[in-house]
$ cat start_1.txt   # compact mmCIF, C-alpha atoms
# COMPACT_ATOMS: atom_id res chain seq x y z
CA ASN B 1 49.01 86.12 13.61
CA ASP B 2 51.76 88.65 14.19
CA GLU B 3 50.00 91.43 12.28
CA VAL B 4 46.83 91.01 14.33
CA LEU B 5 48.81 90.92 17.57
CA ASP B 6 50.73 94.08 16.65
CA TYR B 7 47.55 95.99 15.90
CA LEU B 8 46.01 94.72 19.14
CA ARG B 9 48.98 95.99 21.15
CA GLN B 10 48.66 99.44 19.57
CA THR B 11 44.95 99.50 20.38
CA LEU B 12 45.47 98.17 23.91
CA GLU B 13 47.57 101.20 24.80
CA LYS B 14 44.64 103.49 24.00
CA GLY B 15 42.17 101.63 26.25
CA THR B 16 40.35 98.31 26.40
CA SER B 17 36.73 99.41 26.65
CA PHE B 18 34.87 102.69 26.82
CA GLY B 19 31.25 101.60 27.16
CA ALA B 20 30.43 103.78 24.18
CA PRO B 21 30.72 103.61 20.40
CA GLY B 22 34.21 104.14 18.99
CA PRO B 23 35.73 104.84 15.60
CA LEU B 24 36.97 101.28 15.06
CA GLU B 25 33.36 100.05 15.03
CA ASN B 26 32.70 102.18 11.97
CA VAL B 27 35.75 100.81 10.18
CA LEU B 28 34.86 97.16 10.80
CA ALA B 29 31.17 97.82 10.09
CA GLN B 30 32.04 99.23 6.68
CA GLN B 31 34.25 96.21 5.94
CA VAL B 32 31.37 93.87 6.79
CA ILE B 33 28.85 95.90 4.75
CA ASP B 34 31.19 95.95 1.76
CA ALA B 35 31.73 92.19 1.97
CA VAL B 36 28.39 90.59 2.85
CA PRO B 37 25.65 90.94 0.20
CA SER B 38 22.69 91.11 2.60
CA VAL B 39 24.18 93.60 5.06
CA GLU B 40 23.30 97.28 4.69
CA MET B 41 23.52 98.04 8.42
CA VAL B 42 25.18 96.05 11.20
CA ARG B 43 25.09 95.84 15.01
CA PHE B 44 28.02 94.34 16.93
CA THR B 45 27.61 92.05 19.93
CA ASN B 46 29.97 89.98 22.08
CA SER B 47 29.23 86.51 20.73
CA GLY B 48 27.34 84.56 18.11
CA THR B 49 24.75 83.65 20.76
CA GLU B 50 24.13 87.34 21.48
CA ALA B 51 23.91 88.06 17.77
CA CYS B 52 21.24 85.38 17.34
CA MET B 53 19.32 86.64 20.38
CA GLY B 54 19.23 90.15 18.91
CA MET B 55 18.33 88.79 15.48
CA LEU B 56 15.43 86.80 16.92
CA ARG B 57 13.92 89.85 18.62
CA LEU B 58 14.44 91.87 15.45
CA VAL B 59 12.69 89.49 13.04
CA ARG B 60 9.73 89.23 15.39
CA ALA B 61 9.55 93.00 15.78
CA PHE B 62 9.73 93.58 12.02
CA THR B 63 7.17 90.97 10.98
CA LYS B 64 4.93 91.30 14.07
CA ARG B 65 4.90 87.49 14.16
CA ASP B 66 6.18 85.16 16.87
CA THR B 67 6.82 81.78 15.24
CA ILE B 68 10.22 80.86 13.83
CA ILE B 69 11.43 77.83 11.90
CA LYS B 70 14.84 76.30 12.58
CA PHE B 71 16.31 73.04 11.31
CA ASP B 72 17.19 69.86 13.11
CA GLY B 73 20.87 69.82 13.86
CA CYS B 74 21.41 73.56 13.35
CA TYR B 75 22.74 75.43 16.39
CA HIS B 76 22.19 79.13 16.95
CA GLY B 77 23.61 79.66 20.42
CA HIS B 78 22.25 78.84 23.85
CA ALA B 79 19.27 81.20 24.00
CA ASP B 80 16.18 79.39 25.29
CA SER B 81 14.22 79.67 22.03
CA PHE B 82 16.92 77.83 20.08
CA LEU B 83 17.54 74.92 22.46
CA VAL B 84 15.06 72.69 20.72
CA GLN B 85 15.23 69.01 19.84
CA ALA B 86 14.61 67.88 16.29
CA GLY B 87 11.11 66.40 16.06
CA SER B 88 10.26 63.54 13.75
CA GLY B 89 7.15 65.18 12.31
CA VAL B 90 7.22 67.86 9.64
CA ALA B 91 5.65 70.46 11.89
CA THR B 92 6.78 69.18 15.26
CA LEU B 93 6.44 71.64 18.08
CA GLY B 94 9.76 72.24 19.86
CA LEU B 95 10.53 70.63 23.18
CA PRO B 96 13.03 72.08 25.65
CA ASP B 97 16.44 70.54 24.99
CA SER B 98 18.13 71.61 28.22
CA PRO B 99 17.07 71.60 31.88
CA GLY B 100 15.97 75.05 32.94
CA VAL B 101 14.34 75.96 29.64
CA PRO B 102 10.60 76.47 30.19
CA ALA B 103 8.25 74.93 27.64
CA GLY B 104 6.83 78.39 26.93
CA ALA B 105 10.21 79.61 25.72
CA THR B 106 10.20 77.16 22.80
CA LYS B 107 6.48 77.35 22.02
CA GLY B 108 7.16 79.58 19.03
CA THR B 109 10.00 77.45 17.65
CA MET B 110 9.21 74.88 14.98
CA VAL B 111 11.64 72.39 13.48
CA ALA B 112 12.04 71.44 9.83
CA THR B 113 14.40 69.02 8.08
CA TYR B 114 17.54 70.38 6.45
CA ASN B 115 17.65 70.03 2.65
CA ASP B 116 13.90 69.26 2.64
CA LEU B 117 11.79 72.12 1.23
CA ALA B 118 8.52 70.22 1.67
CA SER B 119 9.03 70.11 5.44
CA VAL B 120 9.45 73.90 5.46
CA GLU B 121 6.41 74.70 3.33
CA ALA B 122 4.22 72.39 5.40
CA ILE B 123 4.93 74.64 8.40
CA LEU B 124 4.68 77.91 6.49
CA LYS B 125 1.25 77.00 5.11
CA VAL B 126 -0.39 76.74 8.53
CA ASN B 127 1.58 79.25 10.65
CA ASP B 128 2.35 82.96 10.53
CA VAL B 129 6.12 82.57 10.56
CA ALA B 130 8.45 85.48 11.35
CA ALA B 131 11.61 83.91 9.96
CA VAL B 132 13.28 80.79 8.67
CA ILE B 133 16.71 80.53 10.30
CA LEU B 134 19.50 78.19 9.28
CA GLU B 135 23.19 77.54 9.02
CA PRO B 136 23.64 77.85 5.24
CA VAL B 137 26.32 75.18 5.55
CA VAL B 138 25.77 73.11 8.67
CA GLY B 139 28.71 72.98 11.04
CA ASN B 140 26.98 71.82 14.22
CA SER B 141 25.91 68.39 13.01
CA GLY B 142 29.26 67.83 11.44
CA PHE B 143 29.87 69.32 7.99
CA ILE B 144 26.69 69.15 5.86
CA LYS B 145 26.34 71.01 2.57
CA PRO B 146 23.03 72.38 1.38
CA THR B 147 21.89 71.80 -2.15
CA LYS B 148 21.74 75.01 -4.18
CA GLU B 149 18.07 74.18 -4.86
CA PHE B 150 17.38 74.08 -1.12
CA LEU B 151 18.75 77.56 -0.49
CA VAL B 152 17.06 79.02 -3.59
CA GLY B 153 13.81 77.33 -2.56
CA LEU B 154 13.99 78.81 0.95
CA ARG B 155 14.44 82.26 -0.57
CA GLU B 156 11.35 81.73 -2.72
CA LEU B 157 9.21 80.21 0.05
CA THR B 158 9.98 82.90 2.62
CA THR B 159 9.14 85.60 0.10
CA LYS B 160 5.89 83.81 -0.83
CA TYR B 161 4.71 83.49 2.78
CA GLY B 162 5.93 86.87 4.08
CA ALA B 163 8.64 85.47 6.35
CA LEU B 164 12.24 86.67 6.59
CA LEU B 165 15.17 84.46 5.61
CA VAL B 166 18.08 84.44 8.07
CA PHE B 167 21.51 82.95 7.47
CA ASP B 168 23.47 82.17 10.63
CA GLU B 169 26.96 82.70 9.24
CA VAL B 170 28.78 82.52 12.58
CA MET B 171 30.78 79.61 11.15
CA THR B 172 30.58 80.24 7.41
CA GLY B 173 31.02 84.01 7.40
CA PHE B 174 34.39 85.06 5.87
CA ARG B 175 35.40 81.39 6.05
CA ILE B 176 34.00 79.70 2.95
CA ALA B 177 34.15 82.96 0.97
CA TYR B 178 34.90 86.58 1.84
CA GLY B 179 31.19 87.34 1.51
CA GLY B 180 30.17 84.17 3.32
CA ALA B 181 27.87 81.38 2.18
CA GLN B 182 25.47 83.88 0.63
CA GLN B 183 28.18 85.01 -1.77
CA TYR B 184 29.37 81.45 -2.39
CA PHE B 185 25.89 80.13 -3.26
CA GLY B 186 24.46 83.33 -4.71
CA VAL B 187 21.44 83.42 -2.39
CA THR B 188 20.85 86.60 -0.37
CA PRO B 189 18.97 86.41 2.95
CA ASP B 190 17.22 89.31 4.67
CA VAL B 191 19.27 89.13 7.88
CA THR B 192 22.67 87.60 8.68
CA THR B 193 24.33 86.71 11.97
CA MET B 194 28.12 86.54 12.26
CA GLY B 195 30.88 85.88 14.77
CA LYS B 196 34.25 84.20 15.24
CA VAL B 197 36.24 85.31 12.17
CA ILE B 198 35.11 88.95 12.32
CA GLY B 199 36.78 89.31 15.71
CA GLY B 200 40.10 87.79 14.70
CA GLY B 201 39.97 85.37 17.61
CA LEU B 202 38.50 87.75 20.19
CA PRO B 203 34.92 87.54 21.53
CA VAL B 204 32.61 89.11 18.97
CA GLY B 205 29.33 88.72 17.16
CA ALA B 206 27.18 90.78 14.82
CA TYR B 207 23.83 90.82 13.09
CA GLY B 208 22.99 92.83 10.04
CA GLY B 209 20.69 93.02 7.07
CA ARG B 210 18.46 95.20 4.99
CA LYS B 211 18.34 98.82 6.10
CA ASP B 212 14.55 98.88 6.52
CA ILE B 213 14.83 95.94 8.95
CA MET B 214 17.90 97.11 10.86
CA GLU B 215 16.48 100.62 11.40
CA LEU B 216 14.15 99.06 13.97
CA VAL B 217 17.14 98.53 16.29
CA ALA B 218 17.62 101.18 19.01
CA PRO B 219 18.55 103.99 18.99
CA ALA B 220 17.33 104.32 15.40
CA GLY B 221 14.15 102.40 16.23
CA PRO B 222 12.13 100.94 19.12
CA MET B 223 13.65 97.43 19.35
CA TYR B 224 16.06 97.50 22.26
CA GLN B 225 19.36 95.65 22.29
CA ALA B 226 22.63 96.84 23.79
CA GLY B 227 25.81 95.69 25.53
CA THR B 228 28.54 97.58 27.35
CA LEU B 229 31.35 95.57 25.74
CA SER B 230 29.76 95.29 22.30
CA GLY B 231 32.05 96.74 19.67
CA ASN B 232 34.91 97.06 22.14
CA PRO B 233 38.10 98.38 20.54
CA LEU B 234 40.15 95.20 20.99
CA ALA B 235 37.69 92.94 19.16
CA MET B 236 37.20 95.57 16.48
CA ALA B 237 40.95 95.99 15.95
CA ALA B 238 41.52 92.24 15.65
CA GLY B 239 38.61 91.98 13.23
CA ILE B 240 39.78 94.88 11.06
CA LYS B 241 43.25 93.41 10.61
CA THR B 242 41.94 89.86 10.06
CA LEU B 243 39.55 90.95 7.30
CA GLU B 244 42.33 93.00 5.74
CA ILE B 245 44.49 89.87 5.57
CA LEU B 246 41.64 87.80 4.13
CA ARG B 247 41.18 90.32 1.30
CA ARG B 248 44.71 89.72 0.04
CA PRO B 249 45.10 87.77 -3.21
CA GLY B 250 45.34 84.02 -2.80
CA ALA B 251 43.83 83.74 0.69
CA TYR B 252 40.80 81.65 -0.23
CA GLU B 253 42.67 79.74 -2.91
CA HIS B 254 45.09 78.65 -0.18
CA LEU B 255 42.25 77.60 2.12
CA GLU B 256 40.54 75.66 -0.65
CA ALA B 257 43.73 73.87 -1.65
CA ILE B 258 44.89 72.73 1.77
CA THR B 259 41.42 71.86 3.06
CA SER B 260 40.44 69.75 0.06
CA LYS B 261 43.83 68.01 0.22
CA LEU B 262 43.30 67.32 3.93
CA ILE B 263 39.78 65.92 3.74
CA ASN B 264 40.46 63.91 0.58
CA GLY B 265 43.56 62.44 2.19
CA ILE B 266 41.64 61.49 5.35
CA LEU B 267 38.78 59.92 3.40
CA ALA B 268 41.15 57.96 1.16
CA ALA B 269 43.10 56.68 4.17
CA GLY B 270 39.91 55.57 5.90
CA ARG B 271 38.53 53.76 2.87
CA GLU B 272 41.89 52.06 2.22
CA LYS B 273 41.63 50.51 5.69
CA GLY B 274 38.06 49.37 5.11
CA HIS B 275 36.15 52.02 7.06
CA ALA B 276 32.85 53.54 5.94
CA VAL B 277 33.58 57.26 5.73
CA THR B 278 32.05 60.21 3.92
CA GLY B 279 32.73 63.94 4.03
CA GLY B 280 33.65 67.09 2.19
CA SER B 281 34.83 70.68 2.41
CA ILE B 282 34.34 74.23 1.20
CA ALA B 283 37.34 76.56 1.46
CA GLY B 284 38.41 76.54 5.14
CA MET B 285 35.57 74.38 6.48
CA PHE B 286 35.48 70.57 6.42
CA GLY B 287 34.19 67.45 8.08
CA PHE B 288 33.67 63.72 7.75
CA PHE B 289 31.52 61.00 9.24
CA PHE B 290 32.02 57.32 10.02
CA ASN B 291 29.03 56.68 7.80
CA GLU B 292 28.38 55.21 4.34
CA GLY B 293 26.72 58.49 3.32
CA PRO B 294 25.46 60.57 1.81
CA VAL B 295 24.78 62.89 4.75
CA ASN B 296 22.24 65.58 3.89
CA SER B 297 20.56 66.14 7.26
CA PHE B 298 20.92 65.56 10.98
CA ALA B 299 18.98 62.30 10.67
CA ASP B 300 21.63 61.07 8.23
CA ALA B 301 24.46 62.29 10.46
CA SER B 302 22.98 60.55 13.51
CA LYS B 303 23.53 57.17 11.83
CA SER B 304 27.30 57.66 12.17
CA ASP B 305 29.51 55.48 14.37
CA THR B 306 30.23 57.99 17.14
CA LYS B 307 32.08 55.46 19.30
CA LYS B 308 34.54 54.85 16.48
CA PHE B 309 34.92 58.60 16.05
CA GLY B 310 35.75 58.89 19.75
CA ARG B 311 38.52 56.30 19.41
CA TRP B 312 39.78 58.02 16.24
CA HIS B 313 39.88 61.40 17.96
CA ARG B 314 41.77 60.12 21.01
CA LEU B 315 44.35 58.28 18.90
CA MET B 316 44.89 61.33 16.67
CA LEU B 317 45.27 63.55 19.75
CA GLU B 318 47.82 61.18 21.28
CA ARG B 319 49.86 61.63 18.09
CA GLY B 320 49.69 65.42 18.17
CA VAL B 321 46.69 66.18 15.95
CA TYR B 322 43.84 68.07 17.62
CA LEU B 323 40.59 67.83 15.67
CA ALA B 324 37.09 68.98 16.58
CA PRO B 325 36.20 66.71 19.54
CA SER B 326 32.81 65.55 18.24
CA GLN B 327 31.42 63.73 15.24
CA TYR B 328 28.91 66.58 15.14
CA GLU B 329 31.38 69.45 14.79
CA ALA B 330 32.91 70.78 11.59
CA GLY B 331 36.64 71.41 11.37
CA PHE B 332 38.43 74.54 10.20
CA THR B 333 41.75 75.29 8.56
CA SER B 334 43.53 78.64 8.49
CA LEU B 335 46.06 80.60 6.49
CA ALA B 336 48.68 79.42 8.98
CA HIS B 337 48.33 75.78 7.90
CA THR B 338 50.84 74.51 5.37
CA ASP B 339 51.12 71.59 2.98
CA ALA B 340 53.57 70.04 5.41
CA ASP B 341 50.96 70.22 8.20
CA VAL B 342 48.43 68.50 5.96
CA ASP B 343 50.87 65.80 4.83
CA LYS B 344 51.79 65.02 8.42
CA THR B 345 48.12 64.85 9.45
CA ILE B 346 47.27 62.46 6.63
CA GLU B 347 50.18 60.17 7.51
CA ILE B 348 49.06 60.06 11.14
CA ALA B 349 45.47 59.41 10.00
CA LYS B 350 46.66 56.41 7.98
CA GLU B 351 48.30 54.96 11.08
CA VAL B 352 45.25 55.60 13.24
CA PHE B 353 42.78 54.10 10.76
CA SER B 354 44.83 50.91 10.78
CA LEU B 355 44.39 50.71 14.57
CA LEU B 356 40.61 51.19 14.74
$ encode --input "start_1.txt" --output "structure tokens"
Amino acid sequence: NDEVLDYLRQTLEKGTSFGAPGPLENVLAQQVIDAVPSVEMVRFTNSGTEACMGMLRLVRAFTKRDTIIKFDGCYHGHADSFLVQAGSGVATLGLPDSPGVPAGATKGTMVATYNDLASVEAILKVNDVAAVILEPVVGNSGFIKPTKEFLVGLRELTTKYGALLVFDEVMTGFRIAYGGAQQYFGVTPDVTTMGKVIGGGLPVGAYGGRKDIMELVAPAGPMYQAGTLSGNPLAMAAGIKTLEILRRPGAYEHLEAITSKLINGILAAGREKGHAVTGGSIAGMFGFFFNEGPVNSFADASKSDTKKFGRWHRLMLERGVYLAPSQYEAGFTSLAHTDADVDKTIEIAKEVFSLL
């Protein structure tokens, strides 16, 4: 985006990093606080992974509890505690999902089933849980929507059992609505993690939430977390300008229009050629599966024909369309995409579906 690049060039001339807080952090922080319902204070990091690492330490410090609940198929960065396989039982203890992760690192991580409140309460009943952490719209098992009842139920269950509710909005933040998934669905968590969009394409992350929770973070409180490049002026400048652009009238209407047209066109083309496909979108986030559907959890998504998706992806790429290179990754559109881009993509998809 030319406006973002221009502002970056101006900022670049003043210095790339100072290893200390700068005024641009305050500007972007206020934009985030004004936009995201749960955020009263915010701490910037260099990536979504870093944001989730800081968040994890924070929720444990605040609640004085160690156990967390995550959901099968939700990804929260590559910190050891989050690299956990989805277990088949309701209260399955996590197993290391990557070589080099010690079993002790995932001892406090328990796995529930997305869109299944009973699986969450079964764990909460018998464990002192610090937090329930989820992607409010899943993007790392493909695109999977929550039911409104699921999100409302999580809010009620976490309150009932004294746990915190955390939305990982690294993907959904400022993408499906200016205030993220929590604004879109009307459910406010206690803590939120963010990334990607808030840096305008530069490396960035953030976690924020209620003031009484965030005041535990150093230097205001005793929970230590820091980073030399966190809040660096280049990432802050790109984020400030990007959020300014997103606040302009028509931004999310444009994203909703082109994304729904794109996914509906792809699904129609696939079904016309006899393929089992299902999918959907919200604003600038979309995805589909080679699957009869519906897909409400990772278990549902894992029934998809991933080999067919691989052939689809390669054939689309050969024709100039670069999509997320996995059945288990959501896709994104941007304000730069046009109706012409979408029409061309759908026409190519029709050709490719006929070749599968």
$ closest_atom_pairs --input "start_1.txt" --of "region 139-161 of chain B" --to "region 282-286 of chain B" --cutoff "9 Å" --atoms "all atoms listed in the file" --output "CSV"
residue,atom,partner,partner_atom,distance
B:Gly139,CA,B:Met285,CA,8.4
B:Gly142,CA,B:Phe286,CA,8.4
B:Phe143,CA,B:Phe286,CA,6.0
B:Ile144,CA,B:Phe286,CA,8.9
B:Lys145,CA,B:Ile282,CA,8.7
$ residues_around --input "start_1.txt" --residues "Ala235 (chain B)" --least-positions-apart "5" --cutoff "7 Å" --atoms "only C-alpha atoms" --output "ChimeraX atom specification"
/B:199,202-204
$ closest_atom_pairs --input "start_1.txt" --of "region 191-301 of chain B" --to "region 70-80 of chain B" --cutoff "10 Å" --atoms "only C-alpha atoms" --output "CSV"
residue,atom,partner,partner_atom,distance
B:Thr193,CA,B:His76,CA,9.3
B:Ser297,CA,B:Gly73,CA,7.6
B:Phe298,CA,B:Gly73,CA,5.1
B:Ala299,CA,B:Asp72,CA,8.1
B:Ala301,CA,B:Gly73,CA,9.0
$ closest_residue --input "start_1.txt" --among "B:Ile133, B:Met53, B:Ala324, B:Leu355" --to "Val120 (chain B)" --atoms "only C-alpha atoms"
B:Ile133
$ closest_residue --input "start_1.txt" --among "B:Ser260, B:Phe309, B:Val4, B:Ile348" --to "Ala276 (chain B)" --atoms "only C-alpha atoms"
B:Phe309
$ closest_residue --input "start_1.txt" --among "B:Ala103, B:Leu165, B:Leu24, B:Leu335" --to "Thr63 (chain B)" --atoms "all atoms listed in the file"
B:Leu165
$ residues_around --input "start_1.txt" --residues "Lys241 (chain B)" --least-positions-apart "6" --cutoff "10 Å" --atoms "all atoms listed in the file" --output "MDAnalysis selection string"
chainID B and resid 1 3:8 28 198:200
$ closest_residue --input "start_1.txt" --among "B:Phe288, B:Phe167, B:Tyr328, B:Phe82" --to "Gln183 (chain B)" --atoms "only C-alpha atoms"
B:Phe167
$ closest_residue --input "start_1.txt" --among "B:Ala206, B:Ala330, B:Ala340, B:Val352" --to "Asn46 (chain B)" --atoms "all atoms listed in the file"
B:Ala206
$ atom_distance --input "start_1.txt" --atom1 "CA of Thr228 (chain B)" --atom2 "CA of Asp34 (chain B)"
25.8 Å
$ closest_residue --input "start_1.txt" --among "B:Asp339, B:Ala20, B:Ala29, B:Leu58" --to "Glu215 (chain B)" --atoms "only C-alpha atoms"
B:Leu58
$ residues_near_point --input "start_1.txt" --point "(29.1, 63.0, 7.9)" --cutoff "9 Å" --atoms "only C-alpha atoms" --output "PyMOL selection string"
chain B and resi 141-144+277-280+287-296+300-304+327-328
